[in-house]
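final_7.txt follows (compact mmCIF, C-alpha atoms):
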# COMPACT_ATOMS: atom_id res chain seq x y z
CA MET G 1 23.63 4.34 31.60
CA ARG G 2 26.95 5.04 29.92
CA PHE G 3 25.94 3.01 26.88
CA LEU G 4 22.24 3.67 27.10
CA VAL G 5 22.49 7.42 26.43
CA PRO G 6 24.34 7.07 23.10
CA LEU G 7 22.03 4.26 22.02
CA LEU G 8 18.90 6.24 22.86
CA THR G 9 20.35 9.32 21.13
CA VAL G 10 20.92 7.31 17.96
CA VAL G 11 17.40 5.89 18.10
CA VAL G 12 15.91 9.36 18.56
CA PHE G 13 17.92 10.80 15.66
CA LEU G 14 17.11 7.78 13.46
CA GLY G 15 13.46 8.46 14.18
CA LEU G 16 13.98 12.13 13.32
CA GLN G 17 15.69 11.18 10.07
CA SER G 18 13.01 8.71 9.02
CA THR G 19 10.04 10.93 9.86
CA VAL G 20 11.02 14.60 9.64
CA ALA G 21 13.82 14.70 7.05
CA SER G 22 11.71 13.61 4.10
CA LYS G 23 8.96 16.05 5.05
CA ILE G 24 11.24 19.08 5.10
CA ALA G 25 13.16 18.09 1.97
CA ILE G 26 13.47 20.83 -0.65
CA GLY G 27 13.68 19.56 -4.21
CA GLY G 28 14.73 16.13 -3.01
CA ILE G 29 17.51 17.56 -0.81
CA ALA G 30 17.05 16.59 2.83
CA PRO G 31 19.21 17.31 5.89
CA ASP G 32 21.16 14.44 7.45
CA PHE G 33 20.25 14.48 11.13
CA ILE G 34 22.45 11.46 11.84
CA VAL G 35 25.53 13.40 10.71
CA VAL G 36 24.44 16.29 12.96
CA CYS G 37 24.07 13.88 15.87
CA VAL G 38 27.47 12.28 15.26
CA ILE G 39 29.33 15.56 14.85
CA LEU G 40 27.75 17.00 18.01
CA PHE G 41 28.61 13.83 19.91
CA GLY G 42 32.18 13.93 18.59
CA LEU G 43 32.61 17.59 19.53
CA GLN G 44 31.28 16.82 22.96
CA ARG G 45 33.04 13.57 23.81
CA GLY G 46 36.26 13.54 21.82
CA PRO G 47 37.61 11.44 18.95
CA ILE G 48 37.45 7.95 20.49
CA VAL G 49 33.87 8.10 21.69
CA GLY G 50 32.96 10.18 18.63
CA SER G 51 34.27 7.60 16.18
CA LEU G 52 32.73 4.70 18.15
CA PHE G 53 29.45 6.51 18.29
CA GLY G 54 29.69 7.29 14.56
CA PHE G 55 30.35 3.64 13.82
CA LEU G 56 27.34 2.55 15.88
CA ALA G 57 25.02 5.15 14.30
CA GLY G 58 26.26 4.35 10.80
CA PHE G 59 25.94 0.64 11.38
CA LEU G 60 22.32 1.07 12.47
CA VAL G 61 21.64 3.15 9.37
CA ASP G 62 23.29 0.44 7.25
CA LEU G 63 21.03 -2.21 8.78
CA GLY G 64 18.05 -0.44 7.31
CA ASN G 65 19.65 -0.44 3.85
CA PRO G 66 22.07 -3.36 3.82
CA GLY G 67 23.15 -3.29 0.17
CA TYR G 68 26.36 -1.52 1.25
CA LEU G 69 26.65 -2.73 4.82
CA GLY G 70 29.52 -0.85 6.46
CA LEU G 71 29.48 2.23 4.23
CA ASN G 72 27.64 4.47 6.67
CA ALA G 73 29.60 2.95 9.54
CA LEU G 74 32.82 3.99 7.77
CA THR G 75 31.76 7.53 6.87
CA LYS G 76 30.15 8.28 10.18
CA SER G 77 33.14 6.95 12.17
CA LEU G 78 35.27 9.44 10.23
CA VAL G 79 32.80 12.24 10.98
CA GLY G 80 32.78 11.33 14.68
CA TYR G 81 36.54 11.23 14.77
CA ALA G 82 36.87 14.56 12.96
CA GLY G 83 34.30 16.10 15.32
CA GLY G 84 36.25 14.84 18.30
CA ARG G 85 39.53 16.25 17.00
CA LEU G 86 37.94 19.64 16.29
CA GLY G 87 36.23 19.73 19.66
CA SER G 88 39.54 19.31 21.48
CA THR G 89 41.18 22.17 19.63
CA ALA G 90 38.46 24.78 19.48
CA SER G 91 35.44 26.06 21.30
CA PRO G 92 33.04 26.66 18.47
CA GLY G 93 30.53 29.46 18.50
CA THR G 94 27.42 29.35 16.34
CA VAL G 95 29.04 30.52 13.10
CA VAL G 96 31.97 28.18 13.53
CA LEU G 97 29.60 25.37 14.37
CA VAL G 98 27.65 25.93 11.12
CA PHE G 99 30.91 25.77 9.23
CA VAL G 100 32.04 22.64 11.11
CA ILE G 101 28.77 20.79 10.47
CA PHE G 102 28.83 21.89 6.81
CA LEU G 103 32.38 20.54 6.36
CA ALA G 104 31.55 17.34 8.23
CA ALA G 105 28.44 16.70 6.13
CA LEU G 106 30.27 17.49 2.91
CA GLY G 107 33.23 15.29 3.84
CA HIS G 108 30.85 12.52 4.81
CA ASP G 109 29.04 12.70 1.48
CA ILE G 110 32.28 12.87 -0.53
CA VAL G 111 33.64 9.69 1.08
CA TYR G 112 30.23 8.06 0.81
CA LEU G 113 29.82 8.85 -2.88
CA LEU G 114 33.40 7.86 -3.74
CA VAL G 115 33.07 4.44 -2.11
CA TYR G 116 29.52 3.95 -3.35
CA GLN G 117 30.30 4.84 -6.97
CA TRP G 118 33.76 3.29 -7.06
CA PRO G 119 35.34 2.95 -9.67
CA ARG G 120 33.01 5.45 -11.44
CA VAL G 121 34.63 8.54 -9.88
CA ASP G 122 33.02 10.83 -12.49
CA ARG G 123 29.57 9.89 -11.23
CA ALA G 124 30.70 10.54 -7.66
CA PHE G 125 31.81 14.06 -8.63
CA VAL G 126 28.50 14.79 -10.30
CA GLY G 127 26.79 13.63 -7.09
CA ILE G 128 29.01 15.87 -4.98
CA PHE G 129 27.98 19.00 -6.88
CA THR G 130 24.32 18.17 -7.42
CA ASN G 131 23.54 16.52 -4.11
CA ALA G 132 26.27 16.66 -1.49
CA LEU G 133 26.85 20.44 -1.53
CA PRO G 134 23.23 21.58 -1.10
CA SER G 135 22.57 18.73 1.32
CA ALA G 136 25.59 19.74 3.45
CA LEU G 137 24.36 23.32 3.56
CA TYR G 138 20.88 22.20 4.61
CA THR G 139 22.37 19.82 7.19
CA ALA G 140 24.46 22.65 8.66
CA LEU G 141 21.40 24.87 9.08
CA ALA G 142 19.33 22.02 10.51
CA GLY G 143 22.26 21.18 12.80
CA ILE G 144 22.21 24.63 14.35
CA VAL G 145 18.49 24.37 14.97
CA VAL G 146 18.99 20.98 16.63
CA GLU G 147 21.89 22.28 18.73
CA ARG G 148 19.87 25.29 19.87
CA LEU G 149 16.89 23.07 20.72
CA LEU G 150 19.10 20.73 22.72
CA ALA G 151 20.61 23.70 24.53
CA LEU G 152 17.10 24.96 25.33
CA LEU G 153 16.25 21.53 26.72
CA GLY G 154 19.20 21.88 29.06
CA ALA G 155 21.60 19.52 27.34
CA LYS G 156 25.26 20.37 27.67
CA VAL G 157 26.09 20.80 24.05
CA VAL G 158 29.06 21.92 22.12
CA THR G 159 29.62 25.54 23.02
CA LYS G 160 30.19 24.78 26.69
CA LEU G 161 32.06 21.59 26.16
CA GLY G 162 34.81 23.08 24.08
CA LYS G 163 35.81 25.04 27.16
CA GLU G 164 35.35 22.12 29.49
CA ARG G 165 37.61 19.97 27.39
CA GLN G 166 40.35 22.58 27.36
CA MET S 1 53.56 -6.68 21.97
CA ARG S 2 54.97 -3.84 24.04
CA LEU S 3 55.46 -1.86 20.88
CA LEU S 4 51.79 -2.35 20.04
CA GLU S 5 50.80 -1.34 23.55
CA SER S 6 52.92 1.82 23.41
CA VAL S 7 51.52 2.72 19.97
CA PHE S 8 48.00 2.18 21.30
CA GLU S 9 48.76 4.31 24.35
CA LYS S 10 50.28 7.09 22.26
CA HIS S 11 47.67 7.09 19.48
CA ARG S 12 44.64 5.59 21.13
CA ASP S 13 42.13 7.62 19.09
CA ARG S 14 43.80 6.82 15.78
CA THR S 15 44.05 3.13 16.65
CA VAL S 16 40.33 3.03 17.40
CA LEU S 17 39.63 4.80 14.12
CA VAL S 18 41.80 2.34 12.17
CA ILE S 19 40.02 -0.59 13.81
CA LEU S 20 36.63 0.91 12.96
CA ILE S 21 37.64 1.63 9.36
CA THR S 22 38.92 -1.94 9.02
CA ALA S 23 35.67 -3.27 10.48
CA SER S 24 33.69 -1.10 8.05
CA PHE S 25 35.65 -2.39 5.06
CA ALA S 26 35.28 -5.94 6.34
CA LEU S 27 31.51 -5.44 6.39
CA LEU S 28 31.62 -3.84 2.95
CA SER S 29 33.57 -6.76 1.52
CA LEU S 30 30.98 -9.30 2.67
CA PRO S 31 29.00 -10.82 -0.21
CA GLU S 32 25.68 -9.05 -0.69
CA THR S 33 23.54 -12.04 0.30
CA ARG S 34 25.45 -12.44 3.55
CA GLN S 35 25.16 -8.69 4.17
CA LEU S 36 21.41 -8.96 3.73
CA ASP S 37 21.05 -12.03 5.94
CA PHE S 38 23.21 -10.49 8.65
CA ALA S 39 21.37 -7.18 8.54
CA ARG S 40 17.93 -8.77 8.52
CA SER S 41 18.61 -11.01 11.48
CA LEU S 42 20.09 -8.11 13.46
CA LEU S 43 17.33 -5.73 12.46
CA SER S 44 14.63 -8.09 13.58
CA ARG S 45 16.26 -8.41 16.98
CA ILE S 46 17.39 -4.87 17.71
CA MET S 47 15.53 -2.39 15.58
CA ARG S 48 12.02 -3.79 15.42
CA PRO S 49 10.86 -2.38 18.79
CA ALA S 50 12.47 0.98 18.02
CA GLN S 51 10.92 1.07 14.55
CA ARG S 52 7.53 0.23 15.99
CA THR S 53 7.83 3.09 18.47
CA VAL S 54 8.86 5.51 15.72
CA ASP S 55 6.01 4.29 13.49
CA LEU S 56 3.59 4.67 16.36
CA ILE S 57 4.66 8.25 16.95
CA SER S 58 4.54 9.17 13.27
CA ASP S 59 1.20 7.40 12.82
CA TYR S 60 -0.36 9.08 15.83
CA SER S 61 -1.40 12.28 14.07
CA THR S 62 -2.67 10.37 11.03
CA VAL S 63 -4.70 8.01 13.20
CA ARG S 64 -6.20 10.91 15.12
CA ALA S 65 -7.29 12.66 11.94
CA GLU S 66 -8.64 9.41 10.53
CA ASN S 67 -10.52 8.69 13.73
CA GLU S 68 -12.14 12.11 13.56
CA ARG S 69 -13.12 11.55 9.93
CA LEU S 70 -14.54 8.09 10.70
CA ARG S 71 -16.59 9.42 13.61
CA ARG S 72 -18.11 12.00 11.32
CA MET S 73 -18.76 9.32 8.73
CA ILE S 74 -20.46 7.07 11.30
CA ALA S 75 -22.68 9.93 12.44
CA THR S 76 -23.68 10.66 8.82
CA LEU S 77 -24.26 6.99 8.06
CA MET S 78 -26.39 6.49 11.16
CA LEU S 79 -28.60 9.42 10.22
CA GLU S 80 -28.76 8.23 6.65
CA ARG S 81 -29.59 4.70 7.82
CA GLY S 82 -32.47 6.00 9.92
CA ARG S 83 -33.90 7.79 6.90
CA LEU S 84 -33.38 4.73 4.69
CA LEU S 85 -35.23 2.52 7.16
CA GLN S 86 -38.17 4.88 6.99
CA PHE S 87 -38.02 4.88 3.19
CA ARG S 88 -37.83 1.10 3.13
CA ASP S 89 -40.95 0.73 5.22
CA GLU S 90 -42.78 3.37 3.21
CA ARG S 91 -41.70 1.75 -0.07
CA GLU S 92 -42.81 -1.68 1.08
CA ARG S 93 -46.18 -0.28 2.12
CA LEU S 94 -46.65 1.38 -1.25
CA ARG S 95 -45.49 -1.73 -3.12
CA ARG S 96 -48.00 -3.83 -1.20
CA LEU S 97 -50.72 -1.28 -2.00
CA ALA S 98 -49.81 -1.42 -5.69
CA GLU S 99 -49.53 -5.22 -5.43
CA PHE S 100 -45.99 -5.32 -6.80
CA LYS S 101 -43.95 -8.48 -6.51
CA GLU S 102 -41.69 -8.38 -3.45
CA GLU S 103 -38.16 -7.37 -4.43
CA GLN S 104 -35.42 -9.90 -4.00
CA THR S 105 -31.76 -9.83 -3.19
CA LEU S 106 -29.25 -12.42 -4.29
CA LYS S 107 -27.43 -15.23 -2.56
CA LEU S 108 -24.20 -15.68 -4.44
CA VAL S 109 -21.78 -18.60 -4.16
CA PRO S 110 -18.27 -17.69 -5.25
CA ALA S 111 -16.56 -20.28 -7.44
CA GLU S 112 -13.22 -20.67 -9.12
CA VAL S 113 -12.81 -21.63 -12.77
CA ILE S 114 -10.94 -24.95 -12.83
CA GLY S 115 -11.41 -26.05 -16.41
CA ARG S 116 -12.28 -24.94 -19.91
CA ASP S 117 -13.45 -26.36 -23.19
CA PHE S 118 -10.80 -28.11 -25.24
CA ASP S 119 -12.45 -26.64 -28.32
CA ARG S 120 -10.91 -23.52 -29.85
CA ILE S 121 -14.24 -21.75 -29.54
CA GLN S 122 -14.91 -21.91 -25.85
CA THR S 123 -18.58 -22.23 -25.02
CA SER S 124 -18.38 -23.64 -21.52
CA LEU S 125 -16.18 -23.81 -18.46
CA VAL S 126 -15.90 -25.89 -15.29
CA ILE S 127 -16.13 -24.42 -11.80
CA ASP S 128 -15.11 -25.89 -8.44
CA LYS S 129 -18.55 -25.86 -6.79
CA GLY S 130 -21.27 -28.49 -7.14
CA THR S 131 -24.39 -29.95 -5.57
CA VAL S 132 -22.77 -29.97 -2.11
CA ASP S 133 -22.62 -26.18 -2.33
CA GLY S 134 -26.26 -25.94 -3.31
CA LEU S 135 -25.76 -25.57 -7.06
CA ALA S 136 -28.38 -26.83 -9.52
CA GLU S 137 -28.90 -26.75 -13.28
CA ARG S 138 -30.05 -23.49 -14.94
CA MET S 139 -28.77 -21.32 -12.11
CA PRO S 140 -27.34 -18.05 -13.47
CA VAL S 141 -23.61 -17.34 -13.21
CA PHE S 142 -22.13 -13.85 -12.93
CA SER S 143 -18.77 -12.16 -12.80
CA PHE S 144 -17.96 -8.67 -11.53
CA GLU S 145 -18.62 -7.35 -15.03
CA GLY S 146 -22.00 -8.96 -15.57
CA LEU S 147 -23.79 -12.10 -16.70
CA VAL S 148 -21.54 -15.02 -17.71
CA GLY S 149 -24.00 -17.85 -18.45
CA THR S 150 -25.99 -20.57 -16.71
CA ILE S 151 -25.18 -23.90 -15.10
CA SER S 152 -25.66 -26.65 -17.69
CA HIS S 153 -24.55 -29.68 -15.71
CA VAL S 154 -23.81 -30.22 -12.02
CA GLU S 155 -21.78 -32.86 -10.24
CA GLU S 156 -21.05 -33.27 -6.55
CA LYS S 157 -18.07 -30.93 -6.40
CA SER S 158 -18.00 -29.31 -9.81
CA ALA S 159 -20.32 -27.83 -12.39
CA TRP S 160 -20.33 -26.89 -16.08
CA VAL S 161 -21.24 -23.35 -17.01
CA GLN S 162 -22.63 -22.74 -20.47
CA LEU S 163 -21.34 -19.35 -21.49
CA LEU S 164 -23.48 -16.66 -23.06
CA ALA S 165 -20.92 -16.82 -25.84
CA SER S 166 -22.43 -19.98 -27.30
CA LYS S 167 -24.89 -20.50 -30.11
CA ASN S 168 -27.75 -22.01 -28.14
CA HIS S 169 -27.89 -19.55 -25.26
CA PRO S 170 -30.12 -16.58 -26.13
CA VAL S 171 -30.91 -14.10 -23.36
CA SER S 172 -33.75 -11.65 -23.14
CA CYS S 173 -32.34 -8.13 -22.65
CA ILE S 174 -33.62 -4.64 -22.03
CA ASP S 175 -32.03 -1.33 -23.01
CA LYS S 176 -31.05 0.49 -19.84
CA ARG S 177 -31.84 3.92 -21.30
CA THR S 178 -35.03 3.33 -23.31
CA ARG S 179 -36.32 -0.02 -21.89
CA VAL S 180 -36.49 -1.50 -25.41
CA VAL S 181 -36.60 -5.31 -25.19
CA GLY S 182 -34.85 -7.79 -27.50
CA VAL S 183 -33.21 -11.20 -27.53
CA LEU S 184 -29.44 -11.27 -27.40
CA GLU S 185 -27.77 -14.01 -29.43
CA TRP S 186 -24.09 -14.79 -29.74
CA ASN S 187 -22.40 -14.01 -33.03
CA ASN S 188 -18.65 -14.46 -32.65
CA ARG S 189 -15.97 -13.94 -29.96
CA ASN S 190 -17.46 -11.32 -27.61
CA ASN S 191 -19.91 -9.99 -30.19
CA PHE S 192 -23.67 -10.46 -29.99
CA ASP S 193 -26.76 -9.52 -32.01
CA LEU S 194 -29.87 -8.09 -30.42
CA LYS S 195 -32.79 -9.59 -32.29
CA HIS S 196 -36.48 -8.62 -32.58
CA VAL S 197 -35.98 -4.87 -32.24
CA GLY S 198 -38.50 -2.93 -34.30
CA VAL S 199 -37.32 -0.23 -36.71
CA VAL S 200 -39.18 2.46 -34.75
CA GLU S 201 -37.50 1.61 -31.44
CA ASP S 202 -35.02 3.99 -29.81
CA ILE S 203 -31.70 2.23 -29.41
CA ALA S 204 -28.29 3.77 -29.94
CA THR S 205 -24.57 3.02 -29.87
CA GLY S 206 -23.21 2.99 -26.33
CA ASP S 207 -26.48 1.88 -24.71
CA THR S 208 -26.13 -0.76 -22.00
CA LEU S 209 -28.18 -3.92 -22.33
CA LEU S 210 -29.39 -5.46 -19.07
CA THR S 211 -31.04 -8.77 -18.32
CA SER S 212 -34.80 -8.29 -18.59
CA GLY S 213 -35.77 -10.90 -16.00
CA PHE S 214 -38.28 -12.43 -18.46
CA GLY S 215 -38.50 -16.17 -18.14
CA GLY S 216 -37.69 -16.13 -14.46
CA THR S 217 -34.33 -17.91 -14.65
CA ILE S 218 -32.04 -14.91 -14.79
CA PRO S 219 -32.86 -11.98 -12.50
CA LYS S 220 -33.53 -8.53 -13.86
CA GLY S 221 -31.06 -5.67 -14.18
CA PHE S 222 -27.62 -7.23 -14.70
CA PRO S 223 -25.35 -5.80 -17.42
CA VAL S 224 -24.82 -8.10 -20.37
CA ALA S 225 -23.51 -6.09 -23.31
CA ILE S 226 -22.96 -2.62 -24.74
CA VAL S 227 -24.44 -1.66 -28.11
CA GLN S 228 -21.73 -1.22 -30.72
CA ARG S 229 -23.64 -0.52 -33.94
CA VAL S 230 -27.23 0.05 -35.02
CA THR S 231 -28.27 -0.32 -38.69
CA SER S 232 -31.54 -1.08 -40.43
CA SER S 233 -31.99 -4.64 -41.63
CA PRO S 234 -32.78 -5.56 -45.32
CA ASP S 235 -36.44 -6.30 -44.50
CA ALA S 236 -36.79 -2.66 -43.28
CA LEU S 237 -38.99 -3.81 -40.43
CA SER S 238 -36.40 -4.38 -37.74
CA LEU S 239 -33.08 -2.98 -36.62
CA ARG S 240 -29.78 -4.82 -36.81
CA VAL S 241 -28.14 -4.22 -33.44
CA THR S 242 -24.70 -5.52 -32.66
CA ALA S 243 -23.38 -5.46 -29.11
CA ARG S 244 -20.22 -6.45 -27.25
CA SER S 245 -20.30 -8.35 -23.97
CA THR S 246 -19.10 -6.61 -20.82
CA VAL S 247 -17.45 -9.88 -19.74
CA ASP S 248 -14.15 -11.12 -21.11
CA PHE S 249 -15.08 -14.81 -21.35
CA MET S 250 -11.49 -15.86 -22.09
CA ALA S 251 -10.09 -14.29 -18.95
CA LEU S 252 -12.60 -15.51 -16.38
CA GLU S 253 -11.02 -16.85 -13.19
CA GLU S 254 -13.69 -16.32 -10.54
CA VAL S 255 -17.45 -16.34 -10.96
CA PHE S 256 -20.51 -16.20 -8.73
CA VAL S 257 -23.42 -18.59 -8.93
CA MET S 258 -26.77 -17.23 -7.87
CA THR S 259 -28.29 -20.01 -5.80
CA ALA S 260 -31.30 -18.21 -4.34
CA GLU S 261 -33.12 -14.96 -4.02
CA ILE S 262 -34.00 -13.58 -0.61
CA PRO S 263 -36.51 -10.78 0.04
CA TRP S 264 -34.28 -7.74 0.39
CA ASN S 265 -35.93 -6.42 3.53
CA ARG S 266 -35.29 -9.77 5.21
CA SER S 267 -31.75 -10.26 3.99
CA LEU S 268 -28.98 -11.14 6.45
CA PHE S 269 -26.67 -8.31 5.59
CA TYR S 270 -29.41 -5.79 6.12
CA GLU S 271 -31.03 -7.09 9.28
CA GLU S 272 -28.38 -8.88 11.32
CA ALA S 273 -24.88 -7.97 10.18
CA ASP S 274 -25.69 -4.30 9.77
CA THR S 275 -27.50 -4.05 13.08
CA SER S 276 -24.73 -5.85 14.99
CA LEU S 277 -22.17 -3.49 13.43
CA MET S 278 -24.17 -0.51 14.61
CA ARG S 279 -24.52 -2.08 18.04
CA ASP S 280 -20.73 -2.46 18.24
CA VAL S 281 -20.22 1.17 17.28
CA ILE S 282 -22.70 2.39 19.89
CA GLU S 283 -21.20 0.18 22.62
CA ARG S 284 -17.68 1.40 21.84
CA LYS S 285 -18.90 4.99 22.05
CA ARG S 286 -20.43 4.29 25.46
CA ARG S 287 -17.15 2.84 26.72
Write out the structure in this file as structure tokens.
Amino acid sequence: MRFLVPLLTVVVFLGLQSTVASKIAIGGIAPDFIVVCVILFGLQRGPIVGSLFGFLAGFLVDLGNPGYLGLNALTKSLVGYAGGRLGSTASPGTVVLVFVIFLAALGHDIVYLLVYQWPRVDRAFVGIFTNALPSALYTALAGIVVERLLALLGAKVVTKLGKERQ
Amino acid sequence: MRLLESVFEKHRDRTVLVILITASFALLSLPETRQLDFARSLLSRIMRPAQRTVDLISDYSTVRAENERLRRMIATLMLERGRLLQFRDERERLRRLAEFKEEQTLKLVPAEVIGRDFDRIQTSLVIDKGTVDGLAERMPVFSFEGLVGTISHVEEKSAWVQLLASKNHPVSCIDKRTRVVGVLEWNNRNNFDLKHVGVVEDIATGDTLLTSGFGGTIPKGFPVAIVQRVTSSPDALSLRVTARSTVDFMALEEVFVMTAEIPWNRSLFYEEADTSLMRDVIERKRR
């Protein structure tokens, strides 16, 4: 059960990403539900589980697009770790949570683009401004919707857990 | 060792992160072919059931809508079929009253082109069907675009097709629009001349020429060529009509040999296959 829940969560969010994300994309910019999932998991469970969960989720994403196997595993482990660290220091409310998801998504995309485009850093910077920034904003908004929906479904999500962890 | 243990105890989260980052870079540094092999083998084992479930969920709404559309289509087709059956019977009755010849449908044998003329001007080709498949000399050969030629020689498992694009293969044709009749003779490449067309006849550029059915070898109504130019001939009694074949004789790969004609109201696809399909549909509805 301990391992089944994270695995099922990843599968559900992968399904969400592959079916819903492309349909709600605006001008080719789609939210990254996997980042939302990893950051929420990190905030909830702390840096170790967060980074492990991020690695697992990223690895599964990489399997679907194996040209850069390990790239999503790397970026999402970092997101999970960062989420875990933030979750242990703060109890985020909605506004803070938007900001946290935005930063996580942006950081994720920056690392992703830098490694992906290496050594063409100029191209990575163009990608950050044209793609990563609007995508991070969209991800943050989608993240709040997901978090609210999970809360409505009775899941113990971030806002409570910050307190629990303190 | 103790030092490592104490570091791990003190910075457990960072140690895990470092291990994960190292693992990620190790994966990234794999050669691309090995990455692909590794990913494919893992995907097929782990992700396939999950992907199928996701596909099933995402396909559900599409399938539902499609099902609805198909049901409507079946209902329309069944009604239309009922009306067509009535029309068929009525038409047959009237045709019998008028003493028309019974209309035929075709039995086509598909064949693959396996050889061509060695000559630069190709006038014939070899197909992979022969007497064992029911082929005989003078049987007409078609492609999706129209008439190709006739069988000139048959062996057990192969046959020679004399193309329309050859000097000694004239075909009687009829103008689709005005029903003007003429004899189509090959000129060069894909170009033909329609002979014996009187100067008073109505024939124009762009008209489609169909097989006339005269002579009884080639059935009526198959496209052969499209009229390219119409001018008056020097004798001022007939028209000079040039036409271009609808078939690209140089690019033929598959053809169909017409081995027999079956009365259309007794054809298999009408009577048996169609009826069994309808029976299936009705039985499924009942279930």
Which residues come within 6 Å of range 40-47 of chain G, counting all atoms listed in the file, excluding same-chain residues fewer than 4 positions away, as a short mmCIF file (atom, residue, chain, number, x, y, z; two decimals) with C-alpha atoms, in the coordinates of the input?
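Now in result-v7.cif:
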data_model
loop_
_atom_site.label_atom_id
_atom_site.label_comp_id
_atom_site.auth_asym_id
_atom_site.auth_seq_id
_atom_site.Cartn_x
_atom_site.Cartn_y
_atom_site.Cartn_z
CA SER G 51 34.27 7.60 16.18
CA GLY G 80 32.78 11.33 14.68
CA TYR G 81 36.54 11.23 14.77
CA GLY G 83 34.30 16.10 15.32
CA GLY G 84 36.25 14.84 18.30
CA ARG G 85 39.53 16.25 17.00
CA GLY G 87 36.23 19.73 19.66
CA VAL G 158 29.06 21.92 22.12
CA LEU G 161 32.06 21.59 26.16
CA ASP S 13 42.13 7.62 19.09
#
ask   = S:Leu79, S:Ala243, S:Leu252, S:Leu84: which is nearest Gly149 in chain S, counting all atoms listed in the file?
value = S:Leu252
inquiry  = If the cut-off is 9 Å, can you tell me the residues of chain G near chain S, counting only C-alpha atoms? I'd like them as a ChimeraX atom specification.
reply    = /G:11-12,14-16,18-19,46-49,51-52,55,59-60,62-75,77-78,81
note = Taken to one decimal, the CA of Ala111 in chain S-CA of Met250 in chain S distance is 16.1 Å
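CA of Gly27 in chain G is found 24.8 Å from CA of Gly58 in chain G.
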Close residues, Thr246 in chain S itself excluded, 8 Å, only C-alpha atoms, min 2 positions apart in chain, as a PyMOL selection string = chain S and resi 145-146+223-226+244+248
Point (28.0, 22.1, 5.6) neighbourhood (9 Å, only C-alpha atoms) written as JSON, numbers by chain = {"G": [98, 99, 100, 101, 102, 103, 104, 105, 106, 107, 133, 134, 135, 136, 137, 138, 139, 140, 141]}
query = Residues around (25.3, 8.7, 18.6), cut-off 8 Å, counting all atoms listed in the file - what are they as JSON, numbers by chain?
reply = {"G": [6, 7, 9, 10, 34, 37, 38, 41, 50, 53, 54, 56, 57]}
task = Grab the CA of Ala136 in chain S to CA of Ala159 in chain S distance for me, in Å with one decimal place.
result = 8.6 Å
Contacts of Pro170 in chain S within 7 Å, all atoms listed in the file, excl. fewer than 3 positions in-chain, as a ChimeraX atom specification = /S:183-185
task = Tell me which protein, DNA and RNA residues are within 12 Å of Leu209 in chain S, counting only C-alpha atoms, leaving out same-chain ones fewer than 3 positions away, and put them as a PyMOL selection string.
result = chain S and resi 146-147+171-184+192-194+203-206+212+220-228+241-246
key: Contacts of Met139 in chain S within 12 Å, only C-alpha atoms, excl. fewer than 5 positions in-chain, as a ChimeraX atom specification   = /S:106-109,130-131,134,147-154,159-162,216-219,256-261
